[in-house]
Every structure is written in structure tokens, then in C-alpha cells.
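**Student:** Following this message is one structure expressed as C-alpha cells.
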Amino acid sequence: MVREDFCDEEANAALPLRPRGSSHMFDTHDGPDDAAPTYHPPMAPICKTLATYVRGLLVKCKLAAPPPTAERTIVISGGSHARPGEYSVNMVRNQKYSIFTFLPLSLYEQFKYFFNLYFLVVAISQFYPPLQVGFLFTYVAPLAFVVMVALAKEAYDDVQRFFRDREANGEKYVALVGGENGDEWARVESKDITVGMVLRLKPDQRVPADCVLLATTEKDGSFVRTDQLDGETDWKLRLPVPFANDAKDIASLLALETEIYAEAPHQKIYEFVGSAKKKGQGAEDAVPLSLENTLWADCVLATGHVLVCVIYTGTETRASLNSKSAASKVGQLDTEVNFLAKLLFVITVVLAGFLVICQSVYTAQYIEEWYISLFRFVLLFSSIIPISLRVNLDMGKTVYSYFIGTDAQLEGTIVRNSNLPEELGRIGYLFSDKTGTLTKNEMVFKKLITGSQGPTGWLAGDEPEMKDMLKQAFHQKWFAHGLSSRLAATSRYRSLDRGALDDGDFAECEREDSAVDFTEAASRNQINDLITAFTALAVTHSVTPVVDIATDTKTYQASSPDEVALVTFAETLGLILDYRDRRSMSLKSKPLAVRLTGKVSLKLDDHGHLIESAVGKSGLYTGWHLTEVAGGPVLGADAVNDLMSKSPEGVMVTVEKRLGFDILCEFPFTSESKRMGIVVRQADSGAIYLMMKGADTKMQEIVQDSPWLAEECTNLAREGYRTLVFGAKRLEAQEWELFEAQRKKALRSRDPKGEIDKLRVTIEHNLELVGVTGVEDLLQDDVCKTLEHLRNAGIKVWMLTGDKVETATCIARSTRLVARDGGVFPSDCEGPRYESLWEREDEREGWRPGQAVTTEEQARDFLESFTRFVDLLGESVTMVIDGQSLELLMRLEEEFVESAGAAASVVVARCSPTQKAEVVEIMKKHTAKLTGHRANLRMAAIGDGGNDVSMILAAHVGLGIVGKEGRHASLAADYSFIKFSHCLRLITWHGRNAYKRSARLSQFVIHRGLIISFIQAIFSAIFYFMSVPIYTGWLLVGYSTGYTMLPVFAIVLDEDFSEQYVNMFPELYKELHKSRSLNTRTFLQWVFKALYQGSVIMLLSIVLFEAYFLRIVTITFTALILTELIIVWFEMHKISWPFVVSELVSFILYAASFVALDVLDADYLRSPDFWWKTGTITAVSCAPVIFAKWLERRWFEASYSELREASMQAQGGDSSPAMQLPAPRKRQRQSTNDLIAAPLL
């Protein structure tokens, strides 16, 4: 394919838009793409469109099965694409509703809960005259307000989703479509792309559907960024279909009539089976296609311009199959309040039924319409289930969300779901991604250990003199003769530093009879070991240098970032990876400045290399490349010699050593082999080398015995470094030729991978140990502190990553996810001490460490062995498993959850996005069994990439980080922030406060409704069991709004502990897992409080009864208001000025109502009789409750109170009157654990 001018902007600007007959397959100029005509797909019949919509709606509602997916064969013959409806539509749709479904579905969401349904029935009943017990608006208006606010919020959120979907679906792409004038390039919206279309993509463009790469402008394939699919930020190399890539122009490509076979769609993002063949070819001639030939949807093209053929669209793409549709999340507190509402309804019905029975007994006759009386009593007691509870809780959520969004210490935090702040207060499990979440995905070389005779450690950046020595060694020892003496001949030239070269010339570089030590402390063996190790670092990798043409900057791309770290560090020491493709690589030294005088006459070959016979006596720089002369380009040897003859002081030239390797064979890293290797042939000498690197457990089997290898690898792992062991050997030509012949034969077998794995054993043995490297994956700021604090708070952290097991284990250690006194299963359970773990009652051979879990029986053995390991070491054990083993373990759901729940933490490596979500779902399902409590622990998931979205959506609370991997996770999450450490404050401070406040707020609002209902019940019982309300109209409305709402709602500002003490004692958060703040016991306590206070207020009013009925209403209602204001005062832990203002405003509003409302006796208010009666009733109502609370804190919560009082004093705030009661008796100071373990309410 002709590609010399594909990237020539000016040349391509003139290319015709319709490339029929064009000699160019690509048009990289932006102008023609933007000017291309817009393609409008043929409109389907209205009946078919309506049928498609209805079918999609039924599928979404799970009333119909989705259309079957199948394998497919696509023929590329010009403008061809799938017929509309044949395959999934390539449309993004995250909306929950449509115009037709919004009202019914949103109303269903509101009234499917008992709370709102109850008030709906109550409101409807008021339209029936026999059931009317008050003003209609007092029942209808609050419900209508709550529902309208909820519907408006749902509508706003869905409209925002609609605009985001429209933006994604309207993204333009250039596609080859059939037009009136034949095939032409046209702009196509993403939603109109269909299977079989040929698209033209340019760098930094998102791939809109799953495609097969046909052709590229790059010589050895194009790189793609897959971070939004698998979470890995490293670029992946994708290869085109060979014969399609060889086509000269688009017409030639279409003439091939390429037939592409693609398997049925599935979720596995790392697997693909397909084939491609030209017209007329048989199946045996088809070119097999694999993952390397694909571009999955949501990936981004990084390099080159490409032509692709669409094979999967819409819901059949890998990204869509691994995604999870967003569902409405309801907090556990809302569920618990809904349960309490049912209990309150039972209380209401029982109380109403009791009064109806009493009415029948009192009248001594059967009440024919007893159900009418029962319903009227239920309506009278409807305040028992206050509708203001829902309003208060929703307003509280808004306040909590505001606090989170405006927290200066959580800069950049966005609350995307304001319904879940209380969920943050009971997090039991935190499922975290690794790359970009716990780590920055920035690898830094830290340590190299070499030594043919004993270990020698080399620290990066710690020993500048060693680095200088290494630079000099590379310039002379290695670059003059290639590899060191351990694998090849040793250089025997004197070391000359840059200063010596600047002052001398080539004639002064004399050959020595023996090598000279560079430093007194360094032996020749140490130098050779070091050079050999860095040679292996520079060659044994899959790194490809990529140059950005626009900025002329070079970056390294590889399948693993630690490879980039090693190559980058080698570059800092003078060994630069200059070029690499699939067949060769080129290394060079850093440029070296040399002053030349007229004493020497230079000769250069055609490539600018210095010829030995012309380079003085020594020939020191033979083969080095001359790059600059006097700061300018090299114009030839004659020009340089002429310039030197005219310059008495000499000429400064720049030389660099270049060394080429032919790549003969590569053995990529796999989770089974845990190592990678490469066979190279040095271009100059023709020597063939096998170089390998991998996990220490696997490399120990193929390298020569070393007394220090195991110990040093263990030490590096303890430091949290990612460890790689390097080995190398020289292959004889005959040995390689025999292996290559057998390898080619294996490639033609039915199982090429398996045959090659067997063949590798013949050469992968007896390698010489070159060295061990330690690479640090830089952690996010304060990640270790955060994880330790979360662990102390009772939150178990699971790390779910797509990375390798070894990498995940290293990060788990470095982040302190593995406790300091804990172990890792199964890597830490080898040796005689743990032999009993693998014993079986039967004679069969069970699972052992180092073996893959391939059967359910082995999975069961794995879990049983883990249980024994936990019994041996305690609960500070971390379980490490891979994705393949996870599939089998999850089939044993109960056993897996029970075993994993006993672990301090769990690490799952090679985990797909779907598996991440499945793990969260399984733990959600079985957590109740682990806790032994009705209130399940909450699951939170945190990630930063598109591959984490499914996990985030599956969790009770989704946390997203805005990072290098884009904003997919951030947009899908309930809470978005920029640092992992932010989740600590979000959970332990804001989450704890939100849960504690809402728990107390909900129970106080329930108490407020119960007390007035008990007053109503006693009033009805005293007055002949008549269903007549004692308070009507504005009194009822004012009671739940202006008179008491502000002080009660001020609970959302209360703090039981200062932030300093919450951070100091993370166990305070752990106590919330016991659900002591809101449960049946605390609910019944508030019921008994309301029963006592309501009875006292009503009965004492009867005792102090005046003949005028209105005075009873005035006295009881005033006592009721004062009781509520006093009780909420003593319930506060910290008295703040907003609370004091709310108390004053509420009392003033009530006092003003005496004048504004006729239902109260304003004249009686001014009499002393009113004040002593009201004061007596209020005192008798409140004093026992306050005294009981003081006794409870004195005898049952003494330690807890001491901690709270210390917290308030440290905070500088005022404690409540309840806290200023006489101090509890002095007792011996307790430990922190005893202090926190005190019973809480």
C-alpha cells in the first residue's frame, strides 16, 4: 500500500471526497472530513419502527427476551452494510423513561413504597364525605407537594441523561456508503452505523463500535488506548488484516470482496475468534483473526489513520455487554423507615380498632357501619405516620449533600445522587480498582540487584557516583563490543570521561592490555554484572517508542508500565531505545562530545559510521555514528576533514554508538507462564541470545541455582516493589535453527499455543541469572493512611483489578492492604510449616499453592485450605485469586462468601468488568448472613475507568475518581472526587454524621406524630369514643411546620463528636455497623416516650379542666409545643446558634398565632392560671424523660459520655444541657477499646 504522503496535509487537502478511482485509501486532512456530505439512512416503515420501539421497551421491562445474537459473516464489497433491524442498533440510551412512560413509571416508583401509598389512600378517602375528618387541603397538599418535587427531580435527571445520550449518538464519523454516484465517503452519525460499514478513523478518535482493523498508515500496526474498557492506560498494538492492508487504494480493497467471519458476541474482552479471506478462497486459506486484529467500542485510536469494518454494534459490543444499566438506588435508611411506617400503621389500626370496640361496648349496641368508624379513627391517627417525615429526610439529604459538595477539604467533589448520604455511614465493604485508584499508574525504577558471585544492590538516585560509573561503563565496555564478558567478549578499552574526550582527540586513545577498574570499590565482575543486567533491561521487553509528529516528543508504549519504567531508567544511564518494530530494535548511547584536531583523517561509511582504519591508532570509536559537526549536520568525511584542517583548536563533533538487534522470536507474558522472553540476534556480531524475565517463582525453575535469589526477592516484595527476575543465555546457531523449524511446525498445528509452550522447555533452561529489579508503582497520596484508617473503622477493602496476580499482590503489600502482621494466601503458605493445610481425609491429591484452580473440586479445596490458614494465622489474612479461579469460586456462592468474609482483605486479579459487578452482587446478596443482623452492611465501589462502571452501578454507593482514565466512572458514580484519600473523610465524617443525624431526625419526627395521636386517642376515649378531632385546620398544619419543624430539622446540624475525635477513634464508625442508632428497640423507646408524654398532657389537662372547652385545646396544645421544644433541646449534643435561633423563631411563631388564629383563647393566655397549669403539665411531661436519659448516660454510657465531653471541650463548642448534668461518678480510666466498646444508643 502506498503511504508516503498519507500524512501530508497539503497533498491530502486536494484529494477528492469521493475516492472512486483514487490512488489513496486514506484522507487524513480534517477539511474534507468536515465537508463530507451527511449520510441519512433509509427510513424504516412507521409500523416497523413502532414495533422495534415496543419490543425494546418490553425487553427493558424484562417482559420479553432480547433478540438472539449469532455469529456472522460480512462481505466488504462497497457500500454494503447490514439491513436495518438485522443487528442491534448502535445507539447509546441511558434514559430511564420516555415521553410515554415517564408518568406511569415515575408514579410507580413513588407509590411502590408503603409510606407514600398510605398517604395516597388517606388523601383519596377525604373525597368521600362520610370519611372526612378535617380540611381536605391538610391531607392532599402535603402529598402533592412531596410527589411533585420527586417527579420534578426525576424529570430533570432524565433530561440531563437525554442530552448526554444525544451528544454521544450524534458524534460524526466518516464511513463508506453507497450513493447515487457509487461508493462515497460520507459523514455518519454514531447511531446510524451498522454492521458491515467501513469506517475511516483518525488519531484521538473514539471507536464507535466493535471493528476489525483492515488497514493502517502505520508500518507495524496502530496503537489504541483501552483505558475506558479494561482500565489499563498502556497502549495496545493492533494489527491489520494482511492482504487488506496491502491494497493500493480503496477500489483495490473493495475488489477483494473480503469475507470476514466473526463469532457470536460475548463479554470476554480479551478473546476473539474470527477469520478473513478473499473472494474465491477456501476455508483453509482464511487468515485467522484474534484480539490483535480488533478495535473494541469506546477505545481511542492513538496512532495512525485506519480503515475498519464494523462487526458488532449497540448492545452486542464488548463495552455494552460488560456494562450494567443504571438502576434507582434506595438507601437502607429509607427501607428501614418504610418498615417502621408499617409498624406505625399496625399501631394505628390496633388503636383505631380498640376505640371502635370500646365505642360498641359503651353504647351497648352493634355498630352496623363499624368499618366507617374504624376508617375515621385511622384517619384521625394518620399523624402517627407523619408525611413530614419524608419531607424532613429529603431536605436532610439535600443539606448533607451541600455539606459534602462545599467541603474545602474535599475540593472537586460532586454529589450526583443526593439520595444516599446515609448509606455512607454504614459501609462494610469497599471494592476498589487498582490502576489509577490506589496507584497513579506511574512506575519508577527503584532497585537493581546483580551478582554472579554475591548480591550487589544498586539504588536509583541514591548513589550518583555509581550512576556515573555505569554511564562510563556503557560507553566503553558495552558499546565497543556489545554484551559483557558473561555472555560475550569483554571490552578492553580504557574509560575516558567526557572531560577527557573534550580535551583530547582520537589519536590519544590508546588500547590497554587489560581492563582498568572504574572505581577502587568496584571489581571487574561487578562491572560486568551491571552491564549485562542493563543490557537485558534494554532488550527484554515489548516496549515500542512512539514519536508525536506534532510535538516531536517520544513516548514509550508497552503492555505493562513496569517495562516502560525499566527502559526509561536504562535511558537515564545512557542506553536509549531508539527504534523497534516487530522484526528489529535499535539501541543507542547518549550523544558524546569529542574534540577533533587535524591529527586524524576521518572516513565514514554510507550510514555515517566511522571506519576503523581511519580512527587513529586505537580505533576506539569504530562503528560509532557521527551525528553533528560543529553544531551542524554531517555533510561528509571530506567536509569534516577540511573543517578540521582550517581550525587549529580542533572541531567539536558528536558521536553516538548504535547497536541493532534482529527480533527472531517473542514469548509473550501469560498468567500461566508468568514470564516473557525474546530471542534476538545482534546485528554486528550475529550472536544469538535468549533473554527472559518473569516472576521469581517461575524464573527460579529455569535459571542456574543462586544462593541469594529467593531471599532478595522476598526483601523486595516486603518493600512493596514489583519484582522481576532476569535471565539470559547464548544460543548456538544450530540450536536456534532446530528450534525455529520446530516452532514453525507448531504454528501450523491445531493447538499452536500449547505446542509452543511445550517446545519452549527445550531452550528455557540453565539460564544465567542476570539480576533482579524492583519497580515501585507510585501510590495515590495518603493511600496507605486511608486504607489503614478504613480497616480500623471496620471496613474491609477488596481490590479488583485487571492486572497480573504478581502486580496486584505487590500493590496490596505496598498500600498496606495486607496488614503488617498478616499473610497472603496462597503465596505465603508454602513450606513445611503449612504442610498440614493441604492434607485431605481421602487419598486424592488436593489443590496446592502454585496450581491453577480449574475444577469445582479444586475450588472447594482452595476455600477449605484458606479456612485452615486463617485458623492458623488469625483474621489478618489476605486472599489473592485470579479471574479464572473466581469463576469457579463464585459457583460455590455460600462457601466463597463465608471464606472471603473471614479475610481481612481480598485481591482479585485478571478480573473483567463483568466479574467485578458479579462479586459486588454476590456480596450484597449474602452479607446479611455474615453480619447476623437485619440491617445489611452497605457495599461501596470506587474506580476511575470505564471498566469500573459496572461495579460502581452494582454497589449500594458508587464512588468515582476523575483521573487519567477519563470521566466514565465519575459520571456513573453517586459521588465523584479527585483523590482516593477523599473517600476517608466522605465516609467516616460525612457518612457517619448523615446516618446518625437522619436516624435521630426520623425517630423524633415519628415521636412528634405519635404524641399528638395519643392525645387524640385519649381525647376520643374520654368524650364517648367519638371520632372527633381535638385539633383541626391550622393547628395541625402549624404543629408539623412552623411550630416545631425548624428545631427538629436542626438535628441535621448536630455533632455528637468533633471531627478530631472521629479521626482519632475510627472505631466510632465501626459502631454504626450494629445499627444501634435506628432499630426496633430505639423505635419502641420513642413510642413509650410519646405514650407517656401524650397521656400526661391530656390527663393532667382533664384534671385541671375548666368548663370552657377551648381552654383545654389551648393548654394541651401549648404544653405539647413546649414539650417538643424542650425535648429536642435536650436531645442535641451540641448547642449551636442556628439551633437557638430556630427554637426562638418557633416559639415566637406560636405566640403570634394566638392573635392570628381564632382556635386558641388569646385572653386566657394572659392569665396566671394558664401559665401555672401549662408549666406543671410541661414539667411533668419532660422531667422524667430527661432524668431517664441522664441515668442511662450515667450508668450505661459513662465512658462514651466522657469521650463526648472531651470531644466537645477540644472542639471549643458548648455541650447541651443534658451534657451539663452532674458528672458521672469517677472511675478508673479505661483503655481506648473499652472506651469505644461502651453500649451506644
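Residues are referred to by chain and number: the chain letter is A, B, ... according to the order shown in the C-alpha cells, the number counts from 1 in that chain, and ligands are numbered separately from 1 in the order shown.
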If you count only C-alpha atoms, which residues fall within 10 Å of A:Val1128, apart from same-chain ones fewer than 5 positions away, as a PyMOL selection string?
**Tutor:** chain A and resi 1001+1004+1044+1047-1051+1123+1139+1143
**Student:** Mind checking DSSP for stretch 758-991 of chain A and telling me the strand (DSSP E or B) residues as a count of residues only?
**Tutor:** 48
**Student:** Could you give me, as a tab-separated table, a per-residue list for stretch 1031-1111 of chain A showing, wherever an atom lies at most 10 Å from an atom of stretch 336-351 of chain A, the closest pair of atoms and their distance in Å to one decimal, using only C-alpha atoms and sorting by chain then residue number from low to high?
**Tutor:**
residue	atom	partner	partner_atom	distance
A:Leu1078	CA	A:Glu336	CA	8.2
A:Asn1079	CA	A:Glu336	CA	8.1
A:Thr1080	CA	A:Leu340	CA	8.1
A:Phe1083	CA	A:Leu340	CA	8.0
A:Val1087	CA	A:Leu344	CA	9.5
**Student:** What lies within 8 Å of stretch 206-216 of chain A using only C-alpha atoms, ignoring chain neighbours under 2 positions off, as a PyMOL selection string?
**Tutor:** chain A and resi 90+190+201+204+218-219+221-222+238-242+244-246+293-301+304-314+317-318
**Student:** Write out as a ChimeraX atom specification each polymer residue whose atoms come within 12 Å of A:Arg376, counting only C-alpha atoms; drop sequence neighbours fewer than 5 positions from it.
**Tutor:** /A:122,125-126,128-134,348-349,351-353,355-356,369-371,381-382,1020,1025-1029
**Student:** Skipping near chain neighbours, those fewer than 2 positions away, what residues fall within 8 Å of stretch 702-706 of chain A using only C-alpha atoms, listed as a ChimeraX atom specification?
**Tutor:** /A:698-700,708-709,727,764-769
**Student:** Using N, CA, C and O atoms, can you write the selected residues to a file as a short mmCIF file (atom, residue, chain, number, x, y, z; two decimals), in the first residue's frame?
**Tutor:**
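Once everything was written out, this is selection_11.cif:
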data_model
loop_
_atom_site.label_atom_id
_atom_site.label_comp_id
_atom_site.auth_asym_id
_atom_site.auth_seq_id
_atom_site.Cartn_x
_atom_site.Cartn_y
_atom_site.Cartn_z
N LYS A 698 8.68 -18.58 39.00
CA LYS A 698 8.84 -19.28 37.73
C LYS A 698 10.28 -19.21 37.22
O LYS A 698 10.79 -20.19 36.66
N MET A 699 10.94 -18.09 37.41
CA MET A 699 12.30 -17.95 36.90
C MET A 699 13.29 -18.81 37.69
O MET A 699 14.32 -19.22 37.15
N GLN A 700 12.99 -19.08 38.95
CA GLN A 700 13.88 -19.94 39.72
C GLN A 700 13.98 -21.33 39.12
O GLN A 700 14.98 -22.03 39.33
N TRP A 708 21.22 -16.47 46.72
CA TRP A 708 20.63 -15.24 47.24
C TRP A 708 19.34 -14.83 46.57
O TRP A 708 18.67 -13.88 47.02
N LEU A 709 18.93 -15.50 45.52
CA LEU A 709 17.79 -15.05 44.73
C LEU A 709 16.50 -15.02 45.55
O LEU A 709 15.79 -14.00 45.58
N GLY A 727 17.03 -13.41 33.29
CA GLY A 727 17.98 -14.46 32.96
C GLY A 727 18.31 -14.42 31.49
O GLY A 727 17.54 -13.89 30.67
N GLU A 764 14.44 -23.07 27.37
CA GLU A 764 14.31 -22.28 28.58
C GLU A 764 14.81 -23.08 29.78
O GLU A 764 14.04 -23.52 30.65
N HIS A 765 16.09 -23.25 29.85
CA HIS A 765 16.70 -23.95 30.97
C HIS A 765 18.16 -23.51 31.08
O HIS A 765 18.78 -23.06 30.11
N ASN A 766 18.67 -23.64 32.27
CA ASN A 766 20.08 -23.33 32.53
C ASN A 766 20.46 -21.91 32.10
O ASN A 766 21.56 -21.69 31.61
N LEU A 767 19.54 -20.97 32.31
CA LEU A 767 19.86 -19.58 32.03
C LEU A 767 20.73 -19.01 33.15
O LEU A 767 20.62 -19.43 34.31
N GLU A 768 21.56 -18.08 32.79
CA GLU A 768 22.37 -17.43 33.80
C GLU A 768 21.58 -16.31 34.44
O GLU A 768 20.92 -15.52 33.76
N LEU A 769 21.60 -16.27 35.75
CA LEU A 769 20.89 -15.22 36.48
C LEU A 769 21.56 -13.88 36.22
O LEU A 769 22.73 -13.69 36.53
#
**Student:** Can you list, as an MDAnalysis selection string, every protein, DNA or RNA residue that comes within 8 Å of A:Leu291 when you count only C-alpha atoms, leaving out same-chain residues fewer than 2 positions away?
**Tutor:** chainID A and resid 270:273 289 293:294
**Student:** Write to file, as an mmCIF file, in the first residue's frame, the residues of the selection just made, with N, CA, C and O atoms.
**Tutor:**
data_model
loop_
_atom_site.group_PDB
_atom_site.id
_atom_site.type_symbol
_atom_site.label_atom_id
_atom_site.label_comp_id
_atom_site.auth_asym_id
_atom_site.auth_seq_id
_atom_site.Cartn_x
_atom_site.Cartn_y
_atom_site.Cartn_z
ATOM 1 N N TYR A 270 -10.945 -10.032 26.248
ATOM 2 C CA TYR A 270 -9.597 -10.449 25.869
ATOM 3 C C TYR A 270 -9.601 -11.608 24.869
ATOM 4 O O TYR A 270 -8.555 -12.170 24.589
ATOM 5 N N GLU A 271 -10.757 -11.957 24.354
ATOM 6 C CA GLU A 271 -10.843 -13.086 23.438
ATOM 7 C C GLU A 271 -11.652 -12.708 22.202
ATOM 8 O O GLU A 271 -12.644 -11.984 22.291
ATOM 9 N N PHE A 272 -11.202 -13.211 21.057
ATOM 10 C CA PHE A 272 -11.950 -13.065 19.814
ATOM 11 C C PHE A 272 -11.489 -14.133 18.833
ATOM 12 O O PHE A 272 -10.293 -14.407 18.719
ATOM 13 N N VAL A 273 -12.443 -14.735 18.171
ATOM 14 C CA VAL A 273 -12.151 -15.747 17.161
ATOM 15 C C VAL A 273 -12.838 -15.334 15.870
ATOM 16 O O VAL A 273 -14.061 -15.113 15.838
ATOM 17 N N LEU A 289 -8.136 -14.445 12.623
ATOM 18 C CA LEU A 289 -8.176 -13.155 13.304
ATOM 19 C C LEU A 289 -8.296 -13.385 14.807
ATOM 20 O O LEU A 289 -9.007 -14.298 15.249
ATOM 21 N N ASN A 293 -6.363 -8.084 16.101
ATOM 22 C CA ASN A 293 -6.912 -7.512 14.868
ATOM 23 C C ASN A 293 -8.177 -6.702 15.114
ATOM 24 O O ASN A 293 -8.829 -6.284 14.154
ATOM 25 N N THR A 294 -8.525 -6.475 16.370
ATOM 26 C CA THR A 294 -9.797 -5.826 16.689
ATOM 27 C C THR A 294 -9.605 -4.472 17.330
ATOM 28 O O THR A 294 -8.576 -4.191 17.949
#
**Student:** Please indicate the distance in Å from atom CA of A:Arg1076 to atom CA of A:Gly425, rounded to one decimal place.
**Tutor:**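 Computing it gives 12.4 Å between the two atoms.
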**Student:** Do a neighbour search on A:Arg718 at 9 Å with only C-alpha atoms, toss out local chain neighbours closer than 5 positions, and write the hits as a PyMOL selection string.
**Tutor:** chain A and resi 713+810+813-814
**Student:** Filtering to N, CA, C and O atoms, could you give me those residues as a CSV table (one decimal), in the first residue's frame?
**Tutor:**
chain,number,residue,atom,x,y,z
A,713,CYS,N,14.4,-11.5,46.6
A,713,CYS,CA,13.1,-11.3,46.0
A,713,CYS,C,12.1,-11.1,47.2
A,713,CYS,O,11.2,-10.3,47.1
A,810,CYS,N,1.8,-7.2,44.9
A,810,CYS,CA,2.8,-6.2,45.2
A,810,CYS,C,2.1,-4.9,45.7
A,810,CYS,O,2.5,-4.3,46.7
A,813,ARG,N,0.6,-5.2,49.1
A,813,ARG,CA,1.6,-5.0,50.2
A,813,ARG,C,2.0,-3.6,50.3
A,813,ARG,O,2.1,-3.1,51.5
A,814,SER,N,2.3,-2.9,49.2
A,814,SER,CA,2.8,-1.6,49.3
A,814,SER,C,1.8,-0.6,49.9
A,814,SER,O,2.1,0.4,50.5
**Student:** Out of A:Thr773, A:Thr801, A:Ser1101, A:Ser1002, which residue has the shortest atom-to-atom distance to A:Asp562 when counting only C-alpha atoms?
**Tutor:**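 The shortest atom-to-atom distance to A:Asp562 comes from A:Thr773.
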